[in-house]
Every structure is written in C-alpha cells, then in structure tokens.
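K.L.:
Below is upload_25.txt; it holds compact mmCIF, N, CA and C atoms.
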# COMPACT_ATOMS: atom_id res chain seq x y z
N MET A 1 -1.39 1.88 3.67
CA MET A 1 -1.70 3.27 4.00
C MET A 1 -1.82 3.42 5.50
N LYS A 2 -1.41 4.58 5.98
CA LYS A 2 -1.45 4.82 7.41
C LYS A 2 -2.73 5.54 7.80
N THR A 3 -3.07 5.47 9.08
CA THR A 3 -4.21 6.19 9.61
C THR A 3 -3.70 7.30 10.51
N PRO A 4 -3.75 8.54 10.05
CA PRO A 4 -3.23 9.62 10.88
C PRO A 4 -4.16 9.93 12.03
N ALA A 5 -3.58 10.34 13.14
CA ALA A 5 -4.37 10.76 14.29
C ALA A 5 -4.62 12.25 14.15
N ILE A 6 -5.52 12.60 13.26
CA ILE A 6 -5.77 13.99 12.93
C ILE A 6 -7.26 14.28 12.91
N GLU A 7 -7.56 15.55 12.78
CA GLU A 7 -8.96 15.96 12.78
C GLU A 7 -9.69 15.41 11.55
N PRO A 8 -11.00 15.26 11.65
CA PRO A 8 -11.77 14.72 10.53
C PRO A 8 -11.81 15.69 9.35
N LEU A 9 -12.21 15.16 8.22
CA LEU A 9 -12.31 15.97 7.00
C LEU A 9 -13.55 16.85 7.03
N THR A 10 -13.42 18.04 6.47
CA THR A 10 -14.59 18.87 6.23
C THR A 10 -15.29 18.33 4.99
N ASP A 11 -16.48 18.81 4.69
CA ASP A 11 -17.20 18.35 3.50
C ASP A 11 -16.40 18.63 2.23
N GLY A 12 -15.82 19.81 2.13
CA GLY A 12 -15.03 20.16 0.94
C GLY A 12 -13.79 19.29 0.80
N GLU A 13 -13.11 19.05 1.91
CA GLU A 13 -11.93 18.19 1.88
C GLU A 13 -12.29 16.77 1.49
N GLU A 14 -13.40 16.29 2.03
CA GLU A 14 -13.84 14.93 1.69
C GLU A 14 -14.17 14.82 0.21
N ARG A 15 -14.78 15.85 -0.35
CA ARG A 15 -15.12 15.83 -1.79
C ARG A 15 -13.85 15.71 -2.63
N ILE A 16 -12.82 16.46 -2.27
CA ILE A 16 -11.56 16.39 -3.01
C ILE A 16 -10.92 15.02 -2.82
N MET A 17 -10.95 14.48 -1.59
CA MET A 17 -10.39 13.15 -1.35
C MET A 17 -11.13 12.10 -2.17
N GLN A 18 -12.45 12.21 -2.28
CA GLN A 18 -13.21 11.25 -3.08
C GLN A 18 -12.71 11.23 -4.53
N MET A 19 -12.46 12.41 -5.07
CA MET A 19 -11.96 12.51 -6.44
C MET A 19 -10.56 11.90 -6.55
N LEU A 20 -9.71 12.19 -5.57
CA LEU A 20 -8.34 11.66 -5.59
C LEU A 20 -8.34 10.15 -5.42
N TRP A 21 -9.19 9.63 -4.54
CA TRP A 21 -9.29 8.18 -4.40
C TRP A 21 -9.74 7.54 -5.70
N SER A 22 -10.68 8.16 -6.40
CA SER A 22 -11.16 7.58 -7.66
C SER A 22 -10.05 7.59 -8.73
N LEU A 23 -9.18 8.57 -8.67
CA LEU A 23 -8.06 8.64 -9.62
C LEU A 23 -6.89 7.76 -9.23
N GLY A 24 -6.71 7.56 -7.94
CA GLY A 24 -5.53 6.86 -7.45
C GLY A 24 -4.42 7.84 -7.14
N GLU A 25 -4.17 8.76 -8.04
CA GLU A 25 -3.25 9.87 -7.87
C GLU A 25 -3.51 10.85 -9.00
N GLY A 26 -3.08 12.10 -8.81
CA GLY A 26 -3.30 13.06 -9.89
C GLY A 26 -2.89 14.48 -9.52
N THR A 27 -2.85 15.30 -10.53
CA THR A 27 -2.55 16.72 -10.36
C THR A 27 -3.85 17.45 -10.02
N VAL A 28 -3.72 18.72 -9.69
CA VAL A 28 -4.92 19.53 -9.43
C VAL A 28 -5.81 19.53 -10.67
N ASN A 29 -5.22 19.64 -11.85
CA ASN A 29 -6.02 19.62 -13.09
C ASN A 29 -6.72 18.28 -13.29
N ASP A 30 -6.05 17.18 -12.93
CA ASP A 30 -6.68 15.85 -13.02
C ASP A 30 -7.91 15.78 -12.11
N ILE A 31 -7.75 16.31 -10.90
CA ILE A 31 -8.86 16.30 -9.94
C ILE A 31 -10.01 17.16 -10.46
N LEU A 32 -9.67 18.33 -10.97
CA LEU A 32 -10.70 19.22 -11.53
C LEU A 32 -11.47 18.54 -12.66
N ALA A 33 -10.77 17.75 -13.45
CA ALA A 33 -11.40 17.10 -14.61
C ALA A 33 -12.49 16.11 -14.21
N VAL A 34 -12.37 15.51 -13.02
CA VAL A 34 -13.36 14.50 -12.61
C VAL A 34 -14.43 15.06 -11.67
N ILE A 35 -14.31 16.31 -11.27
CA ILE A 35 -15.32 16.92 -10.41
C ILE A 35 -16.52 17.30 -11.27
N PRO A 36 -17.72 16.89 -10.86
CA PRO A 36 -18.90 17.25 -11.64
C PRO A 36 -19.19 18.76 -11.56
N GLU A 37 -19.96 19.23 -12.51
CA GLU A 37 -20.37 20.64 -12.53
C GLU A 37 -21.30 20.92 -11.35
N PRO A 38 -21.30 22.08 -10.79
CA PRO A 38 -20.42 23.21 -11.11
C PRO A 38 -19.04 22.99 -10.50
N LYS A 39 -18.02 23.17 -11.30
CA LYS A 39 -16.65 22.94 -10.86
C LYS A 39 -16.14 24.13 -10.05
N PRO A 40 -15.38 23.84 -9.00
CA PRO A 40 -14.75 24.93 -8.26
C PRO A 40 -13.59 25.51 -9.08
N LYS A 41 -13.05 26.62 -8.64
CA LYS A 41 -11.89 27.21 -9.30
C LYS A 41 -10.65 26.37 -9.00
N TYR A 42 -9.68 26.48 -9.88
CA TYR A 42 -8.41 25.78 -9.71
C TYR A 42 -7.80 26.09 -8.34
N THR A 43 -7.81 27.37 -7.98
CA THR A 43 -7.20 27.79 -6.71
C THR A 43 -7.91 27.18 -5.51
N THR A 44 -9.21 26.96 -5.62
CA THR A 44 -9.97 26.34 -4.53
C THR A 44 -9.51 24.89 -4.34
N VAL A 45 -9.39 24.15 -5.42
CA VAL A 45 -8.93 22.76 -5.34
C VAL A 45 -7.50 22.72 -4.82
N ALA A 46 -6.64 23.61 -5.31
CA ALA A 46 -5.25 23.66 -4.86
C ALA A 46 -5.17 23.95 -3.35
N THR A 47 -6.03 24.83 -2.88
CA THR A 47 -6.06 25.14 -1.44
C THR A 47 -6.48 23.93 -0.62
N PHE A 48 -7.53 23.24 -1.07
CA PHE A 48 -7.97 22.03 -0.37
C PHE A 48 -6.86 20.98 -0.35
N ILE A 49 -6.17 20.80 -1.46
CA ILE A 49 -5.08 19.82 -1.53
C ILE A 49 -3.98 20.18 -0.54
N LYS A 50 -3.64 21.45 -0.47
CA LYS A 50 -2.60 21.90 0.47
C LYS A 50 -3.03 21.62 1.92
N ILE A 51 -4.28 21.89 2.24
CA ILE A 51 -4.80 21.60 3.58
C ILE A 51 -4.73 20.10 3.86
N LEU A 52 -5.15 19.30 2.89
CA LEU A 52 -5.11 17.84 3.05
C LEU A 52 -3.68 17.35 3.25
N GLU A 53 -2.75 17.96 2.54
CA GLU A 53 -1.36 17.58 2.69
C GLU A 53 -0.85 17.98 4.08
N ASN A 54 -1.20 19.16 4.54
CA ASN A 54 -0.79 19.61 5.87
C ASN A 54 -1.39 18.74 6.97
N LYS A 55 -2.58 18.21 6.74
CA LYS A 55 -3.24 17.34 7.73
C LYS A 55 -2.71 15.90 7.68
N GLY A 56 -1.95 15.56 6.64
CA GLY A 56 -1.39 14.22 6.55
C GLY A 56 -2.21 13.24 5.74
N TYR A 57 -3.21 13.71 5.02
CA TYR A 57 -4.03 12.83 4.19
C TYR A 57 -3.45 12.60 2.80
N VAL A 58 -2.61 13.52 2.34
CA VAL A 58 -2.11 13.52 0.96
C VAL A 58 -0.62 13.84 0.95
N ALA A 59 0.10 13.25 0.01
CA ALA A 59 1.51 13.59 -0.23
C ALA A 59 1.66 13.95 -1.70
N HIS A 60 2.77 14.60 -2.04
CA HIS A 60 3.00 14.93 -3.44
C HIS A 60 4.42 14.59 -3.86
N ARG A 61 4.58 14.47 -5.16
CA ARG A 61 5.90 14.34 -5.77
C ARG A 61 5.93 15.26 -6.98
N SER A 62 7.10 15.75 -7.30
CA SER A 62 7.24 16.62 -8.47
C SER A 62 7.34 15.76 -9.71
N GLU A 63 6.62 16.19 -10.73
CA GLU A 63 6.69 15.52 -12.03
C GLU A 63 6.68 16.62 -13.08
N GLY A 64 7.85 16.96 -13.59
CA GLY A 64 7.96 18.10 -14.49
C GLY A 64 7.67 19.37 -13.73
N LYS A 65 6.77 20.17 -14.25
CA LYS A 65 6.40 21.43 -13.59
C LYS A 65 5.19 21.27 -12.67
N SER A 66 4.69 20.05 -12.55
CA SER A 66 3.48 19.80 -11.76
C SER A 66 3.79 18.97 -10.52
N TYR A 67 2.86 19.03 -9.59
CA TYR A 67 2.88 18.13 -8.44
C TYR A 67 1.82 17.07 -8.68
N VAL A 68 2.18 15.83 -8.42
CA VAL A 68 1.24 14.72 -8.48
C VAL A 68 0.93 14.33 -7.03
N PHE A 69 -0.35 14.34 -6.70
CA PHE A 69 -0.80 14.07 -5.34
C PHE A 69 -1.30 12.64 -5.20
N THR A 70 -0.96 12.04 -4.05
CA THR A 70 -1.33 10.66 -3.76
C THR A 70 -1.96 10.59 -2.38
N PRO A 71 -3.08 9.87 -2.24
CA PRO A 71 -3.67 9.71 -0.91
C PRO A 71 -2.75 8.88 -0.01
N LEU A 72 -2.64 9.28 1.25
CA LEU A 72 -1.87 8.52 2.23
C LEU A 72 -2.75 7.63 3.09
N VAL A 73 -4.06 7.83 3.02
CA VAL A 73 -5.01 7.03 3.79
C VAL A 73 -6.08 6.50 2.85
N SER A 74 -6.61 5.35 3.18
CA SER A 74 -7.64 4.75 2.33
C SER A 74 -9.01 5.35 2.66
N ARG A 75 -9.91 5.18 1.73
CA ARG A 75 -11.29 5.62 1.91
C ARG A 75 -11.92 4.95 3.14
N GLU A 76 -11.64 3.66 3.32
CA GLU A 76 -12.21 2.91 4.44
C GLU A 76 -11.69 3.43 5.78
N GLU A 77 -10.39 3.75 5.83
CA GLU A 77 -9.82 4.26 7.08
C GLU A 77 -10.46 5.59 7.46
N VAL A 78 -10.64 6.46 6.49
CA VAL A 78 -11.25 7.76 6.76
C VAL A 78 -12.70 7.58 7.18
N ALA A 79 -13.42 6.69 6.51
CA ALA A 79 -14.83 6.46 6.86
C ALA A 79 -14.93 5.96 8.30
N GLY A 80 -14.05 5.05 8.69
CA GLY A 80 -14.06 4.53 10.05
C GLY A 80 -13.77 5.62 11.06
N ARG A 81 -12.79 6.45 10.76
CA ARG A 81 -12.44 7.56 11.66
C ARG A 81 -13.59 8.56 11.77
N GLN A 82 -14.20 8.88 10.63
CA GLN A 82 -15.30 9.85 10.65
C GLN A 82 -16.47 9.30 11.47
N MET A 83 -16.72 7.98 11.34
CA MET A 83 -17.82 7.37 12.08
C MET A 83 -17.55 7.43 13.58
N VAL A 84 -16.32 7.10 13.98
CA VAL A 84 -15.97 7.15 15.40
C VAL A 84 -16.07 8.58 15.92
N THR A 85 -15.61 9.54 15.14
CA THR A 85 -15.70 10.94 15.54
C THR A 85 -17.15 11.35 15.73
N PHE A 86 -18.01 10.95 14.80
CA PHE A 86 -19.43 11.27 14.90
C PHE A 86 -20.02 10.71 16.19
N PHE A 87 -19.78 9.42 16.44
CA PHE A 87 -20.34 8.79 17.63
C PHE A 87 -19.78 9.40 18.90
N SER A 88 -18.50 9.74 18.89
CA SER A 88 -17.92 10.30 20.11
C SER A 88 -18.47 11.68 20.42
N LYS A 89 -18.90 12.42 19.39
CA LYS A 89 -19.49 13.74 19.61
C LYS A 89 -20.97 13.66 19.95
N HIS A 90 -21.67 12.65 19.41
CA HIS A 90 -23.12 12.60 19.56
C HIS A 90 -23.62 11.56 20.56
N GLU A 91 -22.77 10.67 20.94
CA GLU A 91 -23.17 9.63 21.88
C GLU A 91 -22.12 9.57 22.99
N ASN A 92 -22.52 9.12 24.12
CA ASN A 92 -21.58 8.98 25.23
C ASN A 92 -21.00 7.58 25.18
N ILE A 93 -19.99 7.36 24.31
CA ILE A 93 -19.39 6.04 24.20
C ILE A 93 -17.97 6.07 24.75
N SER A 94 -17.54 4.94 25.23
CA SER A 94 -16.22 4.83 25.86
C SER A 94 -15.15 4.58 24.80
N MET A 95 -13.90 4.71 25.22
CA MET A 95 -12.77 4.41 24.33
C MET A 95 -12.82 2.94 23.92
N LYS A 96 -13.23 2.06 24.82
CA LYS A 96 -13.33 0.64 24.50
C LYS A 96 -14.35 0.42 23.38
N GLU A 97 -15.49 1.09 23.47
CA GLU A 97 -16.52 0.96 22.43
C GLU A 97 -16.01 1.52 21.10
N MET A 98 -15.27 2.62 21.14
CA MET A 98 -14.70 3.17 19.90
C MET A 98 -13.72 2.18 19.28
N ASP A 99 -12.88 1.55 20.11
CA ASP A 99 -11.94 0.55 19.62
C ASP A 99 -12.68 -0.63 18.99
N GLU A 100 -13.80 -1.01 19.59
CA GLU A 100 -14.59 -2.11 19.04
C GLU A 100 -15.18 -1.74 17.68
N ILE A 101 -15.64 -0.51 17.55
CA ILE A 101 -16.17 -0.04 16.26
C ILE A 101 -15.09 -0.10 15.20
N LEU A 102 -13.90 0.42 15.52
CA LEU A 102 -12.79 0.38 14.56
C LEU A 102 -12.40 -1.05 14.21
N SER A 103 -12.44 -1.94 15.20
CA SER A 103 -12.11 -3.34 14.95
C SER A 103 -13.10 -3.98 13.98
N VAL A 104 -14.38 -3.71 14.17
CA VAL A 104 -15.40 -4.23 13.26
C VAL A 104 -15.18 -3.69 11.85
N MET A 105 -14.87 -2.40 11.74
CA MET A 105 -14.62 -1.80 10.42
C MET A 105 -13.42 -2.47 9.74
N GLN A 106 -12.38 -2.76 10.49
CA GLN A 106 -11.19 -3.42 9.92
C GLN A 106 -11.51 -4.82 9.47
N GLN A 107 -12.33 -5.54 10.24
CA GLN A 107 -12.71 -6.90 9.85
C GLN A 107 -13.53 -6.89 8.58
N ILE A 108 -14.43 -5.93 8.45
CA ILE A 108 -15.24 -5.82 7.24
C ILE A 108 -14.33 -5.54 6.04
N ARG A 109 -13.38 -4.64 6.23
CA ARG A 109 -12.47 -4.28 5.15
C ARG A 109 -11.64 -5.48 4.70
N LYS A 110 -11.20 -6.32 5.64
CA LYS A 110 -10.38 -7.49 5.31
C LYS A 110 -11.18 -8.51 4.51
N LYS A 111 -12.50 -8.56 4.69
CA LYS A 111 -13.34 -9.54 3.98
C LYS A 111 -13.57 -9.16 2.53
N ARG A 112 -13.30 -7.91 2.17
CA ARG A 112 -13.54 -7.46 0.79
C ARG A 112 -12.49 -7.91 -0.16
The structure given in the file should be rewritten as structure tokens.

P.N.:
Amino acid sequence: MKTPAIEPLTDGEERIMQMLWSLGEGTVNDILAVIPEPKPKYTTVATFIKILENKGYVAHRSEGKSYVFTPLVSREEVAGRQMVTFFSKHENISMKEMDEILSVMQQIRKKR
C-alpha cells in the first residue's frame, strides 16, 4: 500500500476507513452493515467514500451494478501520518524529527 502525501482524515472519514479496513474491501452497503447504531444514511457513507477516493485513500472497481471499494493505504500508515500532522501543528518539531517519528512507526510495524 502506498502513503499518499495528502491531508489528514476528518473524524467521519476515519470512521469509514476503519470500517473498510475491517472488511478488507466492500460496497457502501457492506460498510453500512458493519457500522454500529446509530447508522448514517446510505448517501452519507457514499459521500465519505467519494471524498476518500478523491483524496487517494480508496479505489474502486465495478462488480455488477455496484462499486467495490478497497483501501489504498494501511491503518498503520494513516496513524503515522495523523500523528506527525498532530505534532507538527501542536509542537515546534523539525522535518528531521518528523522523519524520525515515521521511521520508528515503520520499525514497529515491521516487528508485527
């Protein structure tokens, strides 16, 4: 999976990505099925998926009359990016320190 150089996920986008990661891949209805109550509307999930696809987090393929969506980035990659974004906004850290944080995250991921 690739790590896009894009803006971080919003809370709603991250929630949809969590569901898609748990499924591996799926349609909007598949994603809706695993979202706990209260469930959003179909159109809300479809909108989030479209945004995620436009941002480069998700791709789709046609399967019959449906689109099947697949994550293009791993949960770990997004978590690492979100962490670096948080620190860069809240702390005065250098690019070198950000690279070190990402390096540590990659090493942890390789040990799993």

K.L.:
Near A:Arg61, counting only C-alpha atoms, which residues have an atom at most 12 Å away, once you skip same-chain residues fewer than 3 positions from it, shown as a list in words?

P.N.:
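These residues fall inside the cut-off: Glu25, Gly26, Thr27, Glu53, Val58, Gly64, Lys65, Ser66, Tyr67, Val68, Phe69, Thr70 and Pro71 of chain A.
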
K.L.:
How would you write, as a list of chain:residue names, the set of residues in chain A that DSSP gives as strand (DSSP E)?

P.N.:
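The strand (DSSP E) residues within chain A come out as A:Val58, A:Ala59, A:His60, A:Arg61, A:Ser62, A:Glu63, A:Ser66, A:Tyr67, A:Val68, A:Phe69, A:Thr70, A:Pro71.
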
K.L.:
Interatomic distance between atom N of A:Met105 and atom CA of A:Ala79?

P.N.:
10.1 Å

K.L.:
Interatomic distance between atom CA of A:Ile16 and atom CA of A:His60?

P.N.:
14.6 Å

K.L.:
Could you work out how far atom N of A:Ile51 lies from atom N of A:Pro8, giving the answer in Å with one decimal?

P.N.:
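Going from atom N of A:Pro8 over to atom N of A:Ile51 covers 13.3 Å.
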
K.L.:
Rank A:Ser94, A:Gln106, A:Thr10, A:Thr43 by their smallest atom-to-atom distance to A:Glu76, using only C-alpha atoms, and report the top residue only.

P.N.:
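Nearest to A:Glu76: A:Gln106.
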